[in-house]
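*Asks:* Take this structure, written in structure tokens, and hold onto it; I'll ask about it next.
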There are 2 protein chains.
Amino acid sequence: MLAVTILGNNSALPAYDRHPTSQVVTLDDNLFLVDSGEGTQQQLVKYRIRWSRINYIFISHLHGDHYFGLPGLLHSMGLLHRENELHLFAPAPLKQILDLQLEAASNQLSYPLHFHPLEGEGVIVQNDKFKVTCFATKHRIPCWGFRFDQVRAPRRVNPEKAIEYGVPAAFYDRLKWGENYTTKAGEVIENEWVTNPGVKPLSYAYCADTIYDEELIEKVKGVDLLYHETTYLKDLETRAAMRFHSTTNQAARIAKNANVGRLLIGHFSSKYDKLEVFEQEAIEVFPNTSLALEGVTFRAPLK
Amino acid sequence: MLAVTILGNNSALPAYDRHPTSQVVTLDDNLFLVDSGEGTQQQLVKYRIRWSRINYIFISHLHGDHYFGLPGLLHSMGLLHRENELHLFAPAPLKQILDLQLEAASNQLSYPLHFHPLEGEGVIVQNDKFKVTCFATKHRIPCWGFRFDQVRAPRRVNPEKAIEYGVPAAFYDRLKWGENYTTKAGEVIENEWVTNPGVKPLSYAYCADTIYDEELIEKVKGVDLLYHETTYLKDLETRAAMRFHSTTNQAARIAKNANVGRLLIGHFSSKYDKLEVFEQEAIEVFPNTSLALEGVTFRAPLK
């Protein structure tokens, strides 16, 4: 299962009650927080995300609208007596800022916070369930995008067969990941008797802040869901380039050429009151585009 | 004119859509921001405060719920091309944190930011209109309260006399501060012909975070409006003391013994859903008490 819940979709300045960038990515049982603009903890509460379950945080770059909500979130996790390890992937200078803030507050976090500085490109997390890769985007300061891949597709349960062999529904989640079921009588039900192979592992790529950059196409090739920033409408291509941002058409061109399943667009400039035109312009180039609206969860593949 | 607009009234953890501590103090033509918890810039927009007019910011201490909204605010002021000087009074360690954040973003502010580290007690700003004093409160880390005093009471315009002498209403604000009016014919109308002396300069004291501390009484003596934290209800006096916070009754006792005009209470613990009991308990000791509700502006003296 792959889903992305939008907590903020605006660029730097507060406007129209839109919040700066932050997203929760759900990949099967794992919750990842991607960027953490000011107000992220309030948004997590508002949209009832179980944030104690977030064990990985990824920060793309150190413009304030992508991380000024992080210190509050980390401190609140401490106030709530979190004990689980938390892994934070971010540009190196953030470490000293967080350390100084903790020292100034005379605080110690209740949980182990592992800081992993982003350097170069490549795999940054890998286990038997998922793999996270970081890649460079072209922005005014060092900036990274992230790609989340299921390592293998979950198997598809065949309910008729499962019932026939007496496997309870509560065990279906474990069937998906290849486990055999043992009945109370001690009989082993082999996984492949009651499941079919999964089709294709799911993948999501988050393109952070970036100028239009065709090198991104290879990096996000074929993902089921792509987030690409669209700070400006297509008529402001020159301004976008000057500020190392992208337009609607440019984001859609990346999506089209990378042959992705679905495109999410966000990071809208505060100069825009209404957002519908963003979607219209992107759809001209790549039909399966959605606005990254706050509070909405986007799934891939679409049902 | 003295008014306090509440932007946030909650303690550290986000809860019930209440925000962490922040207030705007209006003293005649001057706007001061006092503390700046996460989300302050959103709250300034929501409550339509003209934040370009804030030239002084005071930060009581470096627990995140009192300053994590400051970096976003300072950066946004830059994005809005602010040019006026901004004076920031705060505990010394904040300087390095702000500098590192600007450096990491490769940003330069568009305006001069003057950082004044808080040290000791005494007058920190004084001009012919107002005086600001800081005083120590007793908290887990170094913490300051602030007292805002009109230097002199504005004179009271006598409208009958002003009309008789032909002074236009648009000039009344300047009459209040002692100016003479010169008619188009060149005749000087002496200020005292059309005004009466002001009664008493107005004053406001902000008691930040503090354990119950009778030394505060002398520091806030006789102010027209007092803000005192009440993190807990009166039954949790022991917990309040352990955490260097105060209860309803304790805040009200300070107000009563300091003989203030009106008491505002805030910094409510996230454990409390409803706030009415805070007011009820404080009123038992000091009747003229109000809850510091978000978005509400409190004036002194009461009309």
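In the structure tokens, the first chain shown is A, the next is B, and so on; residue numbers restart at 1 for each chain, and ligands run from 1 in the order shown.
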Just list the residues in region 112-278 of chain A DSSP gives helix (DSSP H, G or I) on the backbone, as a PyMOL selection string.

*Replies:* chain A and resi 159-164+169-176+191-194+215-219+234-242+248-258+276-278

*Asks:* Just the residues within 12 Å of Leu275 (chain A), please, counting only C-alpha atoms, with nothing from its chain fewer than 2 positions along; format it as a VMD selection string.

*Replies:* chain A and resid 9 to 10 16 18 230 to 233 248 265 to 273 277 to 282 290 to 293

*Asks:* Residues of chain A near chain B: apply a cut-off of 10 Å, count only C-alpha atoms, and supply the list as a ChimeraX atom specification.

*Replies:* /A:12-19,37-46,61-65,67-73,75-77,79-80,91-94,96-107,140-142

*Asks:* Based on DSSP run over this structure's backbone, return all residues of region 101-278 of chain A in strand (DSSP E), as a ChimeraX atom specification.

*Replies:* /A:113-117,122-126,130-137,143-150,156-157,181-182,188-189,195-196,203-206,225-229,262-266

*Asks:* Set the distance at 8 Å and use only C-alpha atoms: which residues neighbour region 161-175 of chain B once local chain neighbours fewer than 4 positions away are removed? I'd like the list as a list in words.

*Replies:*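 Neighbouring residues, sequence-local ones excluded: Arg155, Val157, Glu179, Asn180, Tyr181, Thr183, Ile189, Asn191, Trp193, Val194 and Thr195 of chain B.
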
*Asks:* What does the file look like for those residues with all heavy atoms, as a compact mmCIF listing (two decimals), in the first residue's frame?

*Replies:*
# COMPACT_ATOMS: atom_id res chain seq x y z
N ARG B 155 -2.63 63.64 26.91
CA ARG B 155 -3.59 64.64 27.39
C ARG B 155 -4.96 64.31 26.82
O ARG B 155 -5.08 63.67 25.77
CB ARG B 155 -3.14 66.04 26.98
CG ARG B 155 -1.79 66.43 27.65
CD ARG B 155 -1.39 67.83 27.28
NE ARG B 155 -2.30 68.83 27.81
CZ ARG B 155 -2.23 69.33 29.05
NH1 ARG B 155 -1.28 68.91 29.89
NH2 ARG B 155 -3.10 70.24 29.45
N VAL B 157 -8.31 65.42 25.05
CA VAL B 157 -8.82 66.53 24.23
C VAL B 157 -10.20 66.96 24.73
O VAL B 157 -11.04 66.11 25.04
CB VAL B 157 -8.92 66.09 22.74
CG1 VAL B 157 -9.52 67.21 21.89
CG2 VAL B 157 -7.55 65.68 22.23
N GLU B 179 1.12 68.77 21.40
CA GLU B 179 1.46 69.75 20.36
C GLU B 179 0.49 70.92 20.35
O GLU B 179 -0.69 70.77 20.64
CB GLU B 179 1.42 69.06 18.98
CG GLU B 179 2.66 68.24 18.69
CD GLU B 179 2.71 67.80 17.21
OE1 GLU B 179 2.57 68.67 16.33
OE2 GLU B 179 2.87 66.60 16.98
N ASN B 180 1.01 72.09 19.99
CA ASN B 180 0.14 73.25 19.71
C ASN B 180 -0.36 73.12 18.28
O ASN B 180 0.24 72.45 17.45
CB ASN B 180 0.92 74.55 19.85
CG ASN B 180 1.40 74.76 21.28
OD1 ASN B 180 0.79 74.27 22.23
ND2 ASN B 180 2.51 75.49 21.43
N TYR B 181 -1.50 73.78 18.01
CA TYR B 181 -2.04 73.78 16.64
C TYR B 181 -1.89 75.19 16.05
O TYR B 181 -2.16 76.19 16.73
CB TYR B 181 -3.51 73.38 16.64
CG TYR B 181 -4.13 73.41 15.26
CD1 TYR B 181 -3.78 72.47 14.29
CD2 TYR B 181 -5.05 74.41 14.91
CE1 TYR B 181 -4.33 72.50 13.03
CE2 TYR B 181 -5.61 74.45 13.63
CZ TYR B 181 -5.25 73.49 12.68
OH TYR B 181 -5.79 73.53 11.43
N THR B 183 -3.26 77.62 13.10
CA THR B 183 -4.33 77.75 12.09
C THR B 183 -3.73 78.22 10.77
O THR B 183 -2.56 78.64 10.72
CB THR B 183 -5.38 78.79 12.54
OG1 THR B 183 -4.73 80.07 12.59
CG2 THR B 183 -5.94 78.45 13.91
N ILE B 189 -2.71 77.99 18.48
CA ILE B 189 -3.63 77.57 19.53
C ILE B 189 -2.83 76.75 20.54
O ILE B 189 -2.35 75.66 20.24
CB ILE B 189 -4.77 76.69 18.95
CG1 ILE B 189 -5.42 77.35 17.71
CG2 ILE B 189 -5.81 76.37 20.02
CD1 ILE B 189 -6.06 78.68 17.95
N ASN B 191 -1.73 74.26 23.32
CA ASN B 191 -2.28 72.95 23.63
C ASN B 191 -3.19 72.99 24.86
O ASN B 191 -4.30 72.42 24.83
CB ASN B 191 -1.13 71.97 23.85
CG ASN B 191 -1.62 70.53 24.01
OD1 ASN B 191 -2.14 70.14 25.04
ND2 ASN B 191 -1.50 69.73 22.93
N TRP B 193 -5.09 75.15 26.02
CA TRP B 193 -6.41 75.77 25.84
C TRP B 193 -7.47 74.74 25.47
O TRP B 193 -8.65 74.94 25.73
CB TRP B 193 -6.39 76.83 24.72
CG TRP B 193 -5.44 77.97 24.96
CD1 TRP B 193 -4.78 78.27 26.11
CD2 TRP B 193 -5.05 78.97 24.01
NE1 TRP B 193 -3.98 79.37 25.96
CE2 TRP B 193 -4.13 79.83 24.67
CE3 TRP B 193 -5.37 79.21 22.67
CZ2 TRP B 193 -3.54 80.91 24.03
CZ3 TRP B 193 -4.78 80.30 22.04
CH2 TRP B 193 -3.87 81.13 22.71
N VAL B 194 -7.05 73.66 24.81
CA VAL B 194 -8.03 72.69 24.25
C VAL B 194 -7.88 71.27 24.79
O VAL B 194 -8.52 70.35 24.32
CB VAL B 194 -7.94 72.66 22.70
CG1 VAL B 194 -8.41 73.98 22.09
CG2 VAL B 194 -6.53 72.33 22.24
N THR B 195 -7.00 71.09 25.76
CA THR B 195 -6.85 69.75 26.36
C THR B 195 -6.79 69.87 27.89
O THR B 195 -6.55 70.95 28.44
CB THR B 195 -5.54 69.05 25.92
OG1 THR B 195 -4.42 69.79 26.44
CG2 THR B 195 -5.42 68.95 24.41

*Asks:* I'd like the contact shell of region 122-130 of chain A - 8 Å cut-off, only C-alpha atoms, skipping same-chain residues fewer than 6 positions apart - returned as a list in words.

*Replies:* Leu27, Phe148, Asp149, Gln150, Val151 and Arg152 of chain A

*Asks:* Based on the selection just made, write all heavy atoms of those residues as a CSV table (one decimal), in the first residue's frame.

*Replies:*
chain,number,residue,atom,x,y,z
A,27,LEU,N,4.0,3.6,3.4
A,27,LEU,CA,4.3,2.5,2.5
A,27,LEU,C,4.2,1.3,3.3
A,27,LEU,O,4.9,1.0,4.3
A,27,LEU,CB,5.8,2.7,2.1
A,27,LEU,CG,6.3,1.9,0.9
A,27,LEU,CD1,5.4,2.1,-0.4
A,27,LEU,CD2,7.7,2.1,0.5
A,148,PHE,N,10.9,6.4,-2.8
A,148,PHE,CA,10.5,5.4,-1.9
A,148,PHE,C,10.1,4.2,-2.7
A,148,PHE,O,9.1,4.3,-3.5
A,148,PHE,CB,9.4,5.8,-1.0
A,148,PHE,CG,9.7,7.1,-0.2
A,148,PHE,CD1,9.6,8.3,-0.8
A,148,PHE,CD2,10.2,7.0,1.1
A,148,PHE,CE1,9.9,9.5,0.0
A,148,PHE,CE2,10.5,8.1,1.8
A,148,PHE,CZ,10.4,9.4,1.3
A,149,ASP,N,10.7,3.0,-2.5
A,149,ASP,CA,10.3,1.8,-3.3
A,149,ASP,C,10.0,0.7,-2.4
A,149,ASP,O,10.8,0.4,-1.5
A,149,ASP,CB,11.5,1.4,-4.2
A,149,ASP,CG,11.7,2.3,-5.4
A,149,ASP,OD1,11.0,2.0,-6.4
A,149,ASP,OD2,12.6,3.2,-5.4
A,150,GLN,N,8.9,0.0,-2.7
A,150,GLN,CA,8.7,-1.3,-2.0
A,150,GLN,C,9.7,-2.2,-2.6
A,150,GLN,O,10.0,-2.2,-3.8
A,150,GLN,CB,7.3,-1.9,-2.5
A,150,GLN,CG,6.1,-1.4,-1.6
A,150,GLN,CD,4.8,-2.1,-2.1
A,150,GLN,OE1,4.7,-2.5,-3.3
A,150,GLN,NE2,3.9,-2.2,-1.2
A,151,VAL,N,10.3,-3.0,-1.7
A,151,VAL,CA,11.4,-3.9,-2.2
A,151,VAL,C,10.8,-5.1,-3.0
A,151,VAL,O,11.3,-5.5,-4.0
A,151,VAL,CB,12.2,-4.5,-1.0
A,151,VAL,CG1,13.1,-5.6,-1.4
A,151,VAL,CG2,13.1,-3.4,-0.4
A,152,ARG,N,9.6,-5.5,-2.6
A,152,ARG,CA,8.9,-6.6,-3.4
A,152,ARG,C,7.4,-6.2,-3.3
A,152,ARG,O,7.0,-5.7,-2.3
A,152,ARG,CB,9.2,-8.0,-2.9
A,152,ARG,CG,9.0,-8.1,-1.4
A,152,ARG,CD,9.6,-9.4,-0.9
A,152,ARG,NE,9.5,-9.3,0.6
A,152,ARG,CZ,8.9,-10.2,1.4
A,152,ARG,NH1,8.3,-11.3,0.8
A,152,ARG,NH2,8.9,-10.1,2.7

*Asks:* Which distance in Å separates CA of Thr210 (chain A) and CA of Glu83 (chain B), to one decimal?

*Replies:*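 Calculated distance between CA of Thr210 (chain A) and CA of Glu83 (chain B) is 28.7 Å.
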